[in-house]
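Containing TSV, C-alpha atoms and all ligand atoms: data11.tsv.
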```tsv
chain	number	residue	atom	x	y	z
A	1	MET	CA	28.74	191.17	73.03
A	2	LEU	CA	29.78	191.72	69.43
A	3	ASN	CA	30.24	188.04	68.85
A	4	ALA	CA	26.85	187.16	70.28
A	5	LEU	CA	25.23	189.67	67.97
A	6	HIS	CA	27.16	188.36	65.02
A	7	ARG	CA	25.93	184.84	65.51
A	8	VAL	CA	22.25	185.75	65.60
A	9	VAL	CA	20.80	186.42	62.18
A	10	GLY	CA	17.80	188.70	61.98
A	11	PRO	CA	17.02	192.22	60.90
A	12	VAL	CA	16.41	193.56	64.40
A	13	LEU	CA	19.62	192.22	65.87
A	14	ARG	CA	21.61	193.23	62.80
A	15	GLN	CA	20.38	196.77	63.38
A	16	ALA	CA	21.45	196.44	66.99
A	17	ALA	CA	24.85	195.26	65.86
A	18	ARG	CA	25.18	198.30	63.64
A	19	THR	CA	24.36	200.56	66.55
A	20	GLU	CA	26.88	198.68	68.67
A	21	SER	CA	29.54	199.09	66.05
A	22	ARG	CA	28.96	202.81	65.88
A	23	ILE	CA	29.41	203.00	69.64
A	24	SER	CA	32.50	200.77	69.74
A	25	ARG	CA	34.77	203.12	67.81
A	26	GLY	CA	37.83	201.29	69.03
A	27	HIS	CA	36.90	198.21	66.98
A	28	MET	CA	36.21	200.05	63.73
A	29	VAL	CA	38.36	201.32	60.91
A	30	GLN	CA	37.01	203.43	58.09
A	31	LEU	CA	37.80	201.72	54.77
A	32	ARG	CA	35.88	204.00	52.43
A	33	THR	CA	33.39	206.72	53.16
A	34	ALA	CA	30.70	204.18	53.90
A	35	ALA	CA	32.67	201.01	54.60
A	36	THR	CA	33.88	199.85	57.97
A	37	PHE	CA	35.38	196.70	59.34
A	38	ARG	CA	35.71	195.19	62.74
A	39	LEU	CA	37.19	192.09	64.28
A	40	LEU	CA	34.57	189.87	65.87
A	41	GLU	CA	35.52	186.90	67.98
A	42	ASP	CA	35.40	184.37	65.13
A	43	CYS	CA	35.45	186.45	61.98
A	44	LEU	CA	36.11	189.78	60.34
A	45	GLU	CA	33.06	191.77	59.38
A	46	ILE	CA	33.00	194.42	56.68
A	47	SER	CA	30.00	196.71	56.39
A	48	ASP	CA	29.43	198.89	53.37
A	49	GLY	CA	26.09	200.64	53.26
A	50	GLY	CA	23.48	197.94	53.79
A	51	LYS	CA	25.89	195.19	52.79
A	52	ARG	CA	27.78	193.01	55.26
A	53	MET	CA	30.48	190.54	54.48
A	54	HIS	CA	32.00	188.03	56.87
A	55	PHE	CA	35.41	186.43	56.62
A	56	ASN	CA	36.41	183.49	58.73
A	57	TYR	CA	39.85	183.95	60.33
A	58	VAL	CA	41.22	180.59	59.15
A	59	TRP	CA	39.98	181.51	55.65
A	60	LEU	CA	41.77	184.86	55.84
A	61	ARG	CA	45.01	183.26	57.02
A	62	ASP	CA	44.66	180.56	54.32
A	63	HIS	CA	44.20	183.22	51.61
A	64	CYS	CA	47.19	185.32	52.58
A	65	ARG	CA	48.83	186.54	49.39
A	66	SER	CA	52.25	187.32	50.84
A	67	ALA	CA	55.30	186.00	48.98
A	68	SER	CA	55.86	183.23	51.54
A	69	CYS	CA	52.24	182.02	51.43
A	70	PHE	CA	51.39	182.39	47.75
A	71	ASN	CA	53.41	182.06	44.58
A	72	SER	CA	52.06	184.87	42.42
A	73	ALA	CA	54.01	183.61	39.38
A	74	THR	CA	52.26	180.23	39.35
A	75	HIS	CA	49.10	181.34	41.22
A	76	GLN	CA	49.59	178.47	43.64
A	77	ARG	CA	49.39	178.33	47.42
A	78	SER	CA	52.68	177.73	49.19
A	79	LEU	CA	51.20	177.81	52.66
A	80	ASP	CA	50.36	174.46	54.22
A	81	THR	CA	46.76	175.00	55.26
A	82	ALA	CA	47.05	172.23	57.84
A	83	SER	CA	49.65	174.33	59.68
A	84	ILE	CA	47.08	177.03	60.53
A	85	GLU	CA	45.70	176.94	64.06
A	86	LEU	CA	41.94	176.49	63.67
A	87	THR	CA	41.46	178.99	66.50
A	88	VAL	CA	43.70	181.59	64.86
A	89	ARG	CA	42.72	185.28	65.26
A	90	PRO	CA	44.60	188.40	64.16
A	91	GLN	CA	46.52	190.24	66.87
A	92	SER	CA	45.99	193.58	65.21
A	93	SER	CA	44.42	195.16	62.18
A	94	ALA	CA	44.87	198.37	60.24
A	95	LEU	CA	44.04	200.06	56.98
A	96	GLU	CA	47.04	201.13	54.92
A	97	HIS	CA	46.74	202.61	51.44
A	98	GLY	CA	43.34	201.03	50.85
A	99	GLN	CA	44.46	197.60	52.04
A	100	LEU	CA	43.34	195.68	55.06
A	101	VAL	CA	46.45	194.66	57.01
A	102	LEU	CA	46.22	191.86	59.54
A	103	THR	CA	49.03	190.84	61.86
A	104	TRP	CA	48.83	187.28	63.10
A	105	PRO	CA	50.24	185.70	66.28
A	106	GLY	CA	53.93	185.13	65.58
A	107	GLY	CA	54.15	188.35	63.58
A	108	HIS	CA	53.17	187.25	60.06
A	109	VAL	CA	51.46	190.07	58.14
A	110	SER	CA	48.69	189.58	55.54
A	111	LYS	CA	47.34	192.28	53.23
A	112	TYR	CA	44.07	192.20	51.31
A	113	SER	CA	42.53	194.85	49.10
A	114	LEU	CA	38.93	195.62	49.91
A	115	SER	CA	37.86	194.95	46.32
A	116	TRP	CA	39.49	191.50	46.43
A	117	LEU	CA	37.68	190.70	49.67
A	118	ALA	CA	34.35	191.97	48.33
A	119	GLU	CA	34.75	189.99	45.13
A	120	ASN	CA	35.53	186.78	46.97
A	121	SER	CA	33.11	187.02	49.85
A	122	TYR	CA	30.42	184.40	50.17
A	123	GLU	CA	27.78	187.12	50.37
A	124	GLU	CA	28.93	188.52	47.02
A	125	ARG	CA	29.24	185.14	45.29
A	126	LYS	CA	25.81	183.92	46.31
A	127	THR	CA	24.14	186.71	44.33
A	128	ALA	CA	26.49	186.65	41.33
A	129	SER	CA	26.17	184.25	38.41
A	130	GLU	CA	29.14	182.18	37.31
A	131	GLN	CA	28.27	182.56	33.66
A	132	HIS	CA	26.14	185.10	31.86
A	133	ARG	CA	23.67	183.30	29.58
A	134	ILE	CA	20.85	184.28	27.27
A	135	LEU	CA	18.14	181.67	27.67
A	136	TRP	CA	16.18	181.11	24.49
A	137	ASN	CA	13.21	179.65	22.75
A	138	ALA	CA	13.05	179.51	18.93
A	139	ASP	CA	11.87	183.13	18.59
A	140	ILE	CA	14.44	184.57	20.97
A	141	TYR	CA	17.28	182.75	19.23
A	142	GLN	CA	16.16	183.64	15.72
A	143	ASN	CA	15.52	187.28	16.58
A	144	ALA	CA	18.96	187.56	18.13
A	145	ASN	CA	20.49	187.18	14.65
A	146	VAL	CA	23.59	185.62	16.14
A	147	SER	CA	26.51	186.15	13.81
A	148	THR	CA	28.16	183.02	12.48
A	149	VAL	CA	31.84	182.74	11.77
A	150	LYS	CA	33.47	181.38	8.64
A	151	TRP	CA	36.18	178.75	8.38
A	152	ASP	CA	38.93	180.95	6.87
A	153	LYS	CA	38.75	183.76	9.40
A	154	PHE	CA	37.95	181.41	12.26
A	155	MET	CA	41.12	179.42	11.70
A	156	SER	CA	43.40	182.45	11.43
A	157	CYS	CA	41.90	185.29	13.47
A	158	ASP	CA	41.70	185.26	17.26
A	159	ASN	CA	38.92	187.84	17.26
A	160	GLU	CA	36.73	185.46	15.29
A	161	LEU	CA	37.48	182.70	17.79
A	162	LYS	CA	36.55	185.06	20.62
A	163	LYS	CA	33.28	185.96	18.88
A	164	PHE	CA	32.53	182.25	18.48
A	165	LEU	CA	33.28	181.55	22.14
A	166	GLN	CA	31.07	184.45	23.23
A	167	ASN	CA	28.17	183.05	21.16
A	168	TYR	CA	28.77	179.62	22.58
A	169	LEU	CA	28.76	180.86	26.18
A	170	LEU	CA	25.65	182.99	25.75
A	171	TYR	CA	23.48	180.55	23.79
A	172	GLY	CA	25.03	177.10	24.31
A	173	ILE	CA	25.27	176.64	20.54
A	174	ALA	CA	27.62	178.11	17.95
A	175	PHE	CA	28.31	177.49	14.28
A	176	VAL	CA	31.25	177.65	11.91
A	177	ASP	CA	30.34	177.90	8.20
A	178	ASP	CA	32.19	177.00	5.01
A	179	VAL	CA	34.21	174.20	6.59
A	180	PRO	CA	35.59	171.76	3.98
A	181	THR	CA	33.40	168.65	3.99
A	182	THR	CA	35.94	166.18	5.27
A	183	VAL	CA	36.52	164.50	8.61
A	184	GLU	CA	40.02	166.00	8.68
A	185	ALA	CA	38.81	169.60	8.32
A	186	THR	CA	36.12	168.98	10.93
A	187	GLU	CA	38.79	167.74	13.30
A	188	LYS	CA	40.88	170.85	12.64
A	189	VAL	CA	38.00	173.22	13.32
A	190	THR	CA	37.27	171.53	16.66
A	191	GLN	CA	40.88	171.67	17.73
A	192	ARG	CA	40.79	175.43	17.37
A	193	VAL	CA	38.26	175.41	20.21
A	194	SER	CA	39.15	172.63	22.60
A	195	LEU	CA	40.59	169.15	22.98
A	196	ILE	CA	38.83	166.13	21.54
A	197	ARG	CA	37.44	163.81	24.18
A	198	GLU	CA	37.98	160.27	23.08
A	199	THR	CA	35.17	157.91	24.02
A	200	THR	CA	34.07	154.39	23.20
A	201	TYR	CA	32.79	155.86	19.91
A	202	GLY	CA	36.32	156.81	19.00
A	203	ARG	CA	38.05	160.14	18.64
A	204	MET	CA	36.40	161.56	15.56
A	205	TRP	CA	33.39	159.52	14.62
A	206	SER	CA	31.89	159.35	11.19
A	207	PHE	CA	28.81	157.32	10.65
A	208	THR	CA	26.06	156.53	8.22
A	209	SER	CA	22.68	155.07	8.99
A	210	ASP	CA	23.99	151.51	8.92
A	211	PHE	CA	23.20	150.55	12.54
A	212	SER	CA	26.83	149.59	13.02
A	213	ARG	CA	26.60	150.24	16.79
A	214	GLY	CA	23.96	149.20	19.26
A	215	ASP	CA	22.49	152.71	19.47
A	216	THR	CA	19.44	154.35	17.85
A	217	ALA	CA	21.66	157.19	16.63
A	218	TYR	CA	22.96	154.81	13.95
A	219	SER	CA	19.52	154.38	12.37
A	220	GLN	CA	17.21	156.56	10.22
A	221	LEU	CA	14.69	156.95	13.03
A	222	ALA	CA	13.69	160.24	14.59
A	223	LEU	CA	15.42	160.96	17.89
A	224	ASP	CA	13.66	162.88	20.63
A	225	ARG	CA	15.51	165.67	22.45
A	226	HIS	CA	18.19	164.49	24.81
A	227	THR	CA	21.65	165.17	26.10
A	228	ASP	CA	24.39	162.75	25.15
A	229	THR	CA	26.46	160.47	27.34
A	230	SER	CA	24.14	160.90	30.30
A	231	TYR	CA	25.52	157.48	31.26
A	232	PHE	CA	28.98	158.95	31.89
A	233	GLN	CA	29.72	160.04	35.42
A	234	GLU	CA	30.83	163.29	33.76
A	235	PRO	CA	28.79	163.68	30.55
A	236	CYS	CA	30.70	165.03	27.55
A	237	GLY	CA	30.89	168.81	27.59
A	238	ILE	CA	30.50	169.60	23.91
A	239	GLN	CA	28.94	167.80	21.00
A	240	VAL	CA	30.11	168.58	17.47
A	241	PHE	CA	28.19	167.63	14.31
A	242	HIS	CA	29.09	168.06	10.70
A	243	CYS	CA	26.81	166.64	8.00
A	244	LEU	CA	29.22	165.71	5.23
A	245	ARG	CA	26.62	164.40	2.84
A	246	HIS	CA	22.89	163.80	2.63
A	247	GLU	CA	21.07	162.52	-0.42
A	248	GLY	CA	17.47	162.28	0.74
A	249	THR	CA	14.84	164.07	2.76
A	250	GLY	CA	14.32	165.00	6.42
A	251	GLY	CA	17.00	164.75	9.05
A	252	ARG	CA	16.75	168.28	10.44
A	253	THR	CA	18.43	168.76	13.80
A	254	LEU	CA	16.32	169.75	16.79
A	255	LEU	CA	17.78	171.99	19.47
A	256	VAL	CA	16.16	172.90	22.79
A	257	ASP	CA	17.64	175.14	25.48
A	258	GLY	CA	17.35	172.92	28.55
A	259	PHE	CA	18.12	175.80	30.92
A	260	HIS	CA	15.29	177.88	29.46
A	261	ALA	CA	12.88	175.02	30.13
A	262	ALA	CA	14.29	174.39	33.60
A	263	GLU	CA	13.98	178.07	34.55
A	264	LYS	CA	10.34	178.02	33.46
A	265	LEU	CA	9.86	175.05	35.75
A	266	ARG	CA	11.65	176.87	38.58
A	267	GLN	CA	9.27	179.85	38.16
A	268	ARG	CA	6.18	177.67	38.05
A	269	SER	CA	7.01	175.15	40.75
A	270	HIS	CA	10.09	175.62	42.86
A	271	GLN	CA	9.33	172.39	44.69
A	272	ASN	CA	9.42	170.35	41.48
A	273	PHE	CA	12.57	172.11	40.35
A	274	GLU	CA	14.20	171.25	43.68
A	275	LEU	CA	13.18	167.62	43.43
A	276	LEU	CA	14.92	167.32	40.07
A	277	PHE	CA	18.18	168.69	41.41
A	278	GLN	CA	18.08	166.87	44.73
A	279	ILE	CA	17.46	163.34	43.52
A	280	PRO	CA	20.17	161.40	41.71
A	281	ILE	CA	19.10	158.86	39.15
A	282	ARG	CA	20.95	156.33	37.03
A	283	HIS	CA	21.64	156.30	33.29
A	284	GLU	CA	23.20	153.30	31.57
A	285	TYR	CA	24.62	152.28	28.24
A	286	ILE	CA	24.87	148.56	27.66
A	287	GLU	CA	26.30	147.30	24.39
A	288	ASN	CA	27.05	143.72	23.65
A	289	THR	CA	27.95	143.10	20.04
A	290	ASP	CA	30.75	141.06	18.50
A	291	ASN	CA	33.00	144.11	18.27
A	292	HIS	CA	31.90	146.27	21.17
A	293	LYS	CA	31.25	145.44	24.79
A	294	ASN	CA	30.35	148.33	27.09
A	295	HIS	CA	28.54	148.88	30.32
A	296	MET	CA	28.60	152.57	31.24
A	297	MET	CA	26.80	154.08	34.20
A	298	GLY	CA	26.30	157.69	35.22
A	299	ILE	CA	24.56	158.67	38.43
A	300	GLY	CA	23.35	162.20	39.05
A	301	PRO	CA	20.28	164.42	39.17
A	302	VAL	CA	18.45	165.65	36.07
A	303	LEU	CA	19.17	169.26	37.02
A	304	ASN	CA	22.47	170.27	38.54
A	305	VAL	CA	22.88	173.57	40.35
A	306	TYR	CA	25.70	175.25	42.25
A	307	PRO	CA	24.81	174.98	45.92
A	308	TRP	CA	25.80	178.56	46.81
A	309	ASN	CA	23.67	180.41	44.25
A	310	ASN	CA	21.31	177.74	42.82
A	311	GLU	CA	22.53	178.52	39.30
A	312	LEU	CA	22.03	175.71	36.80
A	313	TYR	CA	25.20	174.28	35.35
A	314	MET	CA	24.12	170.96	33.84
A	315	ILE	CA	21.01	169.15	32.68
A	316	ARG	CA	21.21	165.39	32.28
A	317	TYR	CA	18.15	164.42	30.28
A	318	ASN	CA	17.93	161.28	28.21
A	319	ASN	CA	14.79	159.18	28.26
A	320	TYR	CA	16.42	156.50	26.11
A	321	ASP	CA	19.30	155.90	28.46
A	322	ARG	CA	17.64	156.57	31.80
A	323	SER	CA	17.99	153.33	33.70
A	324	VAL	CA	15.86	151.63	36.34
A	325	ILE	CA	14.84	154.17	38.94
A	326	ASN	CA	15.84	152.67	42.24
A	327	THR	CA	17.56	155.56	43.95
A	328	ILE	CA	14.36	157.33	45.01
A	329	PRO	CA	12.51	156.59	48.25
A	330	HIS	CA	9.16	154.95	47.58
A	331	GLU	CA	7.20	157.92	48.94
A	332	THR	CA	8.99	160.29	46.54
A	333	VAL	CA	8.66	158.30	43.30
A	334	GLN	CA	5.27	159.72	42.31
A	335	ARG	CA	6.38	163.31	43.06
A	336	TRP	CA	9.53	162.79	41.00
A	337	TYR	CA	7.48	161.62	38.00
A	338	VAL	CA	5.22	164.66	38.32
A	339	ALA	CA	8.26	166.98	38.37
A	340	HIS	CA	9.90	165.14	35.47
A	341	ARG	CA	6.66	165.35	33.45
A	342	GLU	CA	6.45	169.06	34.04
A	343	LEU	CA	9.99	169.55	32.79
A	344	THR	CA	9.34	167.27	29.81
A	345	GLU	CA	6.24	169.27	28.86
A	346	GLU	CA	8.29	172.44	28.91
A	347	LEU	CA	11.07	170.84	26.84
A	348	ARG	CA	8.47	169.70	24.30
A	349	ARG	CA	6.67	172.99	23.79
A	350	PRO	CA	6.82	173.69	20.05
A	351	GLU	CA	7.87	177.30	20.69
A	352	ASN	CA	11.00	176.02	22.45
A	353	GLU	CA	12.11	173.93	19.48
A	354	LEU	CA	14.77	175.31	17.18
A	355	TRP	CA	15.00	173.25	13.98
A	356	VAL	CA	18.19	173.54	11.95
A	357	LYS	CA	19.10	171.89	8.68
A	358	LEU	CA	22.73	170.93	8.90
A	359	ILE	CA	24.12	171.39	5.44
A	360	PRO	CA	27.57	170.26	4.36
A	361	GLY	CA	30.09	172.91	5.45
A	362	LYS	CA	28.14	173.98	8.55
A	363	VAL	CA	29.64	172.67	11.78
A	364	ILE	CA	27.62	172.98	14.95
A	365	PHE	CA	28.99	173.03	18.48
A	366	ILE	CA	26.45	172.18	21.18
A	367	ASP	CA	26.89	172.66	24.93
A	368	ASN	CA	25.87	169.14	25.95
A	369	TRP	CA	25.44	170.28	29.56
A	370	ARG	CA	22.74	172.76	28.53
A	371	VAL	CA	21.22	172.30	25.06
A	372	LEU	CA	19.32	169.15	24.14
A	373	HIS	CA	19.49	167.84	20.61
A	374	GLY	CA	17.39	165.47	18.52
A	375	ARG	CA	16.57	164.93	14.88
A	376	GLU	CA	13.68	164.13	12.59
A	377	SER	CA	13.65	160.89	10.63
A	378	PHE	CA	15.23	160.92	7.22
A	379	THR	CA	15.54	159.02	3.98
A	380	GLY	CA	18.56	158.29	1.87
A	381	LEU	CA	22.20	158.15	2.67
A	382	ARG	CA	23.30	160.56	5.35
A	383	GLN	CA	26.88	160.79	6.47
A	384	LEU	CA	27.59	162.62	9.65
A	385	CYS	CA	30.86	163.15	11.47
A	386	GLY	CA	31.74	164.80	14.72
A	387	CYS	CA	33.26	164.34	18.11
A	388	TYR	CA	32.99	165.29	21.73
A	389	LEU	CA	35.14	168.03	23.20
A	390	THR	CA	36.27	168.57	26.76
A	391	ARG	CA	34.34	171.23	28.58
A	392	ASP	CA	37.23	172.41	30.74
A	393	ASP	CA	39.28	173.37	27.71
A	394	ILE	CA	36.66	175.44	25.91
A	395	LEU	CA	35.89	177.32	29.12
A	396	SER	CA	39.59	177.82	29.71
A	397	ALA	CA	40.00	179.22	26.19
A	398	ALA	CA	37.11	181.62	26.85
A	399	ARG	CA	38.57	182.81	30.15
A	400	CYS	CA	41.95	183.39	28.50
A	401	PHE	CA	40.12	185.83	26.18
A	402	GLY	CA	38.75	187.61	29.23
A	403	LEU	CA	35.23	186.19	28.85
A	404	GLN	CA	33.20	185.23	31.91
A	405	ALA	CA	32.94	181.45	31.92
A	501	FE	FE	22.63	162.34	20.69
```
Before we go any further, please render this structure as structure tokens.
Amino acid sequence: MLNALHRVVGPVLRQAARTESRISRGHMVQLRTAATFRLLEDCLEISDGGKRMHFNYVWLRDHCRSASCFNSATHQRSLDTASIELTVRPQSSALEHGQLVLTWPGGHVSKYSLSWLAENSYEERKTASEQHRILWNADIYQNANVSTVKWDKFMSCDNELKKFLQNYLLYGIAFVDDVPTTVEATEKVTQRVSLIRETTYGRMWSFTSDFSRGDTAYSQLALDRHTDTSYFQEPCGIQVFHCLRHEGTGGRTLLVDGFHAAEKLRQRSHQNFELLFQIPIRHEYIENTDNHKNHMMGIGPVLNVYPWNNELYMIRYNNYDRSVINTIPHETVQRWYVAHRELTEELRRPENELWVKLIPGKVIFIDNWRVLHGRESFTGLRQLCGCYLTRDDILSAARCFGLQA
């Protein structure tokens, strides 16, 4: 009876299940004043007020934190998951000192705190965001008066690094000022944050407008907003720029919060938003010069969301490098272009454009999975250096400071 009710989702039957649970006292244990749990045929159910959480029995056995199943020193699982019977079910259950205690066939005992279960339940995760962000247009960012950090303190003080990481996580961009105008100092400042990701462009790159590579970036032309390395299967996580020298005019950097634009699209047309995260497309980089031969290809949707909570985690937007569209069914092509146009219009709204003049000494870190960059055309000699950083390492550094990332 309980199991049948559990399987049917619907407000009326859920109410019936609640009534049933109140009647079946033998199956219930009081966890807190309002929280109860009971063993259903295929899962454990915890009810707390109007909230219900369900835990699959194999999942519970797999997540046992006893010394023989989990090494708490290394935070690694010792239990061989394949050894768990897929039909496993606890023999008994109890509440001891605020912990749920399950005894499995064979006598093994697992203990879980209610807060740990609540925190890790699917029901809880699907409403929680993985990363807190402040989405911005030019006004929002400028009015936020985000504090910048300075080279000296940044290199020596962990609190300054933490402040920088917090800015980076919230806005997808962060600056360090007063950095010596050399490639070496720029490299040092990046290594304080993360590891350099070496690519075909080298480790640290330093270029002038000499068109030395087969890419528009090496010219004086304006560049429309885009994310970099969309033609990598995993686009680079962080873009770093440092303008070491500019004798001329123009060349301001354009920044656009891609997530802000995508959320506007989600609000206006959920169908178009969905299309852009459901349909993978191809980006390519083909270079064939005397010194460099490359053929890179990255396949993935324009918008990338976590499937359990639909939270955006990456935008892959580069009209220069988008390749032939041949991964979309014929009947969807027109709809995809409509959705893409709507996103493009949002990305191009003047109020969403943040223009920054990169002066020597000011190093910018851009979340290449979120913030698009571009530049206006310029005159004169302009020397820029920078690199890509690995995303995993900057997020790891943030988490080690206790930041949500
Ligand atoms: Fe770029």
Legend entry - Protein and nucleic residues near ligand FE 501 (chain A), 8 Å, all atoms listed in the file, as an MDAnalysis selection string: chainID A and resid 217 223 226:229 373:374
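Minimum atom-to-atom distances from A:Val356, A:Gly258, A:Arg316, A:Gln278 to Leu135 in chain A were compared using all atoms listed in the file, and the lowest value belongs to A:Gly258.
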Legend entry - Near-Leu244 in chain A list (7 Å; only C-alpha atoms; drop same-chain fewer than 6 positions) as a PyMOL selection string: chain A and resi 181-182+360+383-385
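Atom pair CA of Phe175 in chain A / CA of Lys150 in chain A: separated by 8.6 Å.
Considering all atoms listed in the file, the residue among A:Phe378, A:Tyr57, A:Phe232, A:Phe241 positioned nearest to Glu284 in chain A is A:Phe232.
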Inset, instruction - Work out how far apart CA of Gln142 in chain A and CA of Leu347 in chain A are and give it in Å to one decimal. - result: 17.7 Å
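Distances here use all atoms listed in the file; by that measure, the residue among A:Glu342, A:Asp321, A:Glu274, A:Asp257 closest to Ala138 in chain A is A:Asp257.
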Inset, instruction - Would you work out the distance separating CA of His283 in chain A from CA of Arg370 in chain A, expressed in Å to one decimal? - result: 17.2 Å
Inset, instruction - Find, counting all atoms listed in the file, the residue in A:Leu312, A:Leu161, A:Ile364, A:Leu343 that gets nearest to Phe401 in chain A. - result: A:Leu161
